[in-house]
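Below is one structure, written out as structure tokens, with a few remarks after it.
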Amino acid sequence: MRNIQSKIERKFHKIDAEDKAVGRLATQIALILRGKNKVEYLPHLDIGDMVQVINIDKLKFTGKKIEQKKYYKYSGYPGGLKTKKIVDLKPADILKRAVRDMLPPTKHRVNMLKRLIISN
């Protein structure tokens, strides 16, 4: 297994986020970060590539998400549920959370997210 991990060649993908929906963009990014676009994909190995997203300020939100969508965070204590709307968050945080939720909850997820670069 170590021989396979040492021979991985990571490519650099640059994605323009201008006028793209958040969910559709997040699925493309998650696919590349996980390595499913490669022939040598194996689910137990982290062989994904690096992804840089540009023009993040020009993301498109479809429907009534800007007024209605809420993100929840629970502290674990009674009365500790906090909500935020899309207007209160940065577009980079919204995209990063969408990509994070589309990746599998394994030990490789942290390393996959480190290869996601978001810039204006």
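In the structure tokens, chains take letters A, B, ... by order of appearance, with residues numbered from 1 within each chain and ligands from 1 in the order shown.
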Among chain A, which residues carry a DSSP assignment of helix (DSSP H, G or I), reported as a PyMOL selection string?
chain A and resi 2-6+22-34+56-58+65-68+86-88+91-102+109-114
Mind checking which residues fall within 9 Å of segment 10-23 of chain A, counting only C-alpha atoms, ignoring those fewer than 3 positions away in the same chain, and posting them as a compact mmCIF listing (two decimals) with C-alpha atoms, in the first residue's frame?
# COMPACT_ATOMS: atom_id res chain seq x y z
CA ALA A 26 -19.34 21.34 -4.92
CA THR A 27 -20.01 17.97 -6.56
CA GLN A 28 -17.36 18.64 -9.23
CA ILE A 29 -14.83 19.64 -6.58
CA ILE A 32 -11.74 15.65 -8.07
CA ILE A 47 -5.35 9.78 -4.56
CA GLY A 48 -7.23 12.99 -5.38
CA ASP A 49 -5.87 16.12 -7.01
CA MET A 50 -5.55 19.74 -5.89
CA VAL A 51 -8.36 22.17 -6.74
CA GLN A 52 -8.22 25.96 -6.85
CA VAL A 53 -11.52 27.85 -7.11
CA ILE A 54 -11.47 31.43 -8.41
CA ASN A 55 -14.18 34.15 -8.63
CA ILE A 56 -15.87 32.83 -5.49
CA ASP A 57 -17.71 36.13 -4.99
CA LYS A 58 -19.74 35.52 -8.17
CA LEU A 59 -21.38 32.26 -7.04
CA LYS A 60 -25.01 31.79 -8.04
CA PHE A 61 -27.69 30.88 -5.51
CA THR A 62 -30.81 29.45 -7.10
CA ILE A 94 -20.55 28.12 2.16
CA LEU A 95 -18.68 26.32 -0.61
CA ALA A 98 -20.91 22.03 0.87
CA VAL A 99 -17.77 20.22 -0.34
Please provide the set of residues having any atom within 9 Å of Arg109 of chain A, restricted to only C-alpha atoms, with same-chain residues fewer than 4 positions apart removed, written as a ChimeraX atom specification.
/A:34,46,100,103-105,113-114
Using only C-alpha atoms, pick whichever of A:Ile86, A:Ile8, A:Ala92, A:Leu33 has the shortest atom-to-atom distance to Val110 of chain A.
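For Val110 of chain A, the nearest of the candidates is A:Leu33.
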Which of these residues is nearest to Lys69 of chain A, using only C-alpha atoms: A:Arg24, A:Lys107, A:Lys38, A:Lys85?
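Nearest to Lys69 of chain A: A:Lys85.
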Could you give me, as an mmCIF file with N, CA and C atoms, in the first residue's frame, each residue of segment 4-106 of chain A that DSSP assigns to strand (DSSP E) when run on this structure's backbone?
data_model
loop_
_atom_site.group_PDB
_atom_site.id
_atom_site.type_symbol
_atom_site.label_atom_id
_atom_site.label_comp_id
_atom_site.auth_asym_id
_atom_site.auth_seq_id
_atom_site.Cartn_x
_atom_site.Cartn_y
_atom_site.Cartn_z
ATOM 1 N N PHE A 12 -3.128 19.729 -10.775
ATOM 2 C CA PHE A 12 -3.679 20.971 -10.258
ATOM 3 C C PHE A 12 -4.828 21.404 -11.160
ATOM 4 N N HIS A 13 -6.037 21.480 -10.607
ATOM 5 C CA HIS A 13 -7.216 21.873 -11.370
ATOM 6 C C HIS A 13 -7.638 23.277 -10.945
ATOM 7 N N LYS A 14 -7.943 24.124 -11.917
ATOM 8 C CA LYS A 14 -8.396 25.478 -11.648
ATOM 9 C C LYS A 14 -9.834 25.590 -12.139
ATOM 10 N N ILE A 15 -10.759 25.933 -11.239
ATOM 11 C CA ILE A 15 -12.179 25.998 -11.565
ATOM 12 C C ILE A 15 -12.672 27.418 -11.361
ATOM 13 N N ASP A 16 -13.394 27.941 -12.351
ATOM 14 C CA ASP A 16 -13.982 29.271 -12.261
ATOM 15 C C ASP A 16 -15.402 29.139 -11.721
ATOM 16 N N MET A 50 -5.367 18.429 -6.522
ATOM 17 C CA MET A 50 -5.555 19.736 -5.892
ATOM 18 C C MET A 50 -6.538 20.550 -6.730
ATOM 19 N N VAL A 51 -7.358 21.354 -6.059
ATOM 20 C CA VAL A 51 -8.360 22.168 -6.742
ATOM 21 C C VAL A 51 -8.260 23.603 -6.245
ATOM 22 N N GLN A 52 -8.179 24.545 -7.189
ATOM 23 C CA GLN A 52 -8.223 25.959 -6.849
ATOM 24 C C GLN A 52 -9.490 26.539 -7.466
ATOM 25 N N VAL A 53 -10.275 27.249 -6.653
ATOM 26 C CA VAL A 53 -11.517 27.850 -7.111
ATOM 27 C C VAL A 53 -11.324 29.361 -7.134
ATOM 28 N N ILE A 54 -11.613 29.977 -8.290
ATOM 29 C CA ILE A 54 -11.471 31.433 -8.410
ATOM 30 C C ILE A 54 -12.849 32.054 -8.640
ATOM 31 N N LYS A 70 -30.852 28.036 6.049
ATOM 32 C CA LYS A 70 -30.201 28.272 7.335
ATOM 33 C C LYS A 70 -29.188 27.167 7.590
ATOM 34 N N TYR A 71 -28.099 27.534 8.245
ATOM 35 C CA TYR A 71 -27.096 26.576 8.681
ATOM 36 C C TYR A 71 -27.179 26.484 10.199
ATOM 37 N N TYR A 72 -27.178 25.258 10.715
ATOM 38 C CA TYR A 72 -27.334 25.026 12.143
ATOM 39 C C TYR A 72 -26.028 24.552 12.757
ATOM 40 N N LYS A 73 -25.803 24.972 13.997
ATOM 41 C CA LYS A 73 -24.633 24.550 14.751
ATOM 42 C C LYS A 73 -25.096 24.326 16.190
ATOM 43 N N TYR A 74 -24.805 23.150 16.720
ATOM 44 C CA TYR A 74 -25.262 22.801 18.058
ATOM 45 C C TYR A 74 -24.065 22.580 18.968
ATOM 46 N N LEU A 81 -28.426 25.699 20.321
ATOM 47 C CA LEU A 81 -28.601 25.638 18.881
ATOM 48 C C LEU A 81 -28.484 27.044 18.295
ATOM 49 N N LYS A 82 -27.536 27.208 17.371
ATOM 50 C CA LYS A 82 -27.330 28.513 16.741
ATOM 51 C C LYS A 82 -27.603 28.391 15.253
ATOM 52 N N THR A 83 -28.238 29.402 14.685
ATOM 53 C CA THR A 83 -28.559 29.393 13.274
ATOM 54 C C THR A 83 -27.934 30.608 12.593
ATOM 55 N N LYS A 84 -27.554 30.416 11.335
ATOM 56 C CA LYS A 84 -27.031 31.509 10.517
ATOM 57 C C LYS A 84 -27.652 31.404 9.139
ATOM 58 N N LYS A 85 -27.890 32.549 8.530
ATOM 59 C CA LYS A 85 -28.395 32.577 7.163
ATOM 60 C C LYS A 85 -27.231 32.738 6.199
#
When distances are computed from only C-alpha atoms, which of A:Ile66, A:Met102, A:Asn111, A:Pro43 shows the smallest separation from Leu89 of chain A?
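Closest residue, counting only C-alpha atoms: A:Ile66.
Between atom CA of Asn120 of chain A and atom CA of Thr106 of chain A lies a distance of 29.2 Å.
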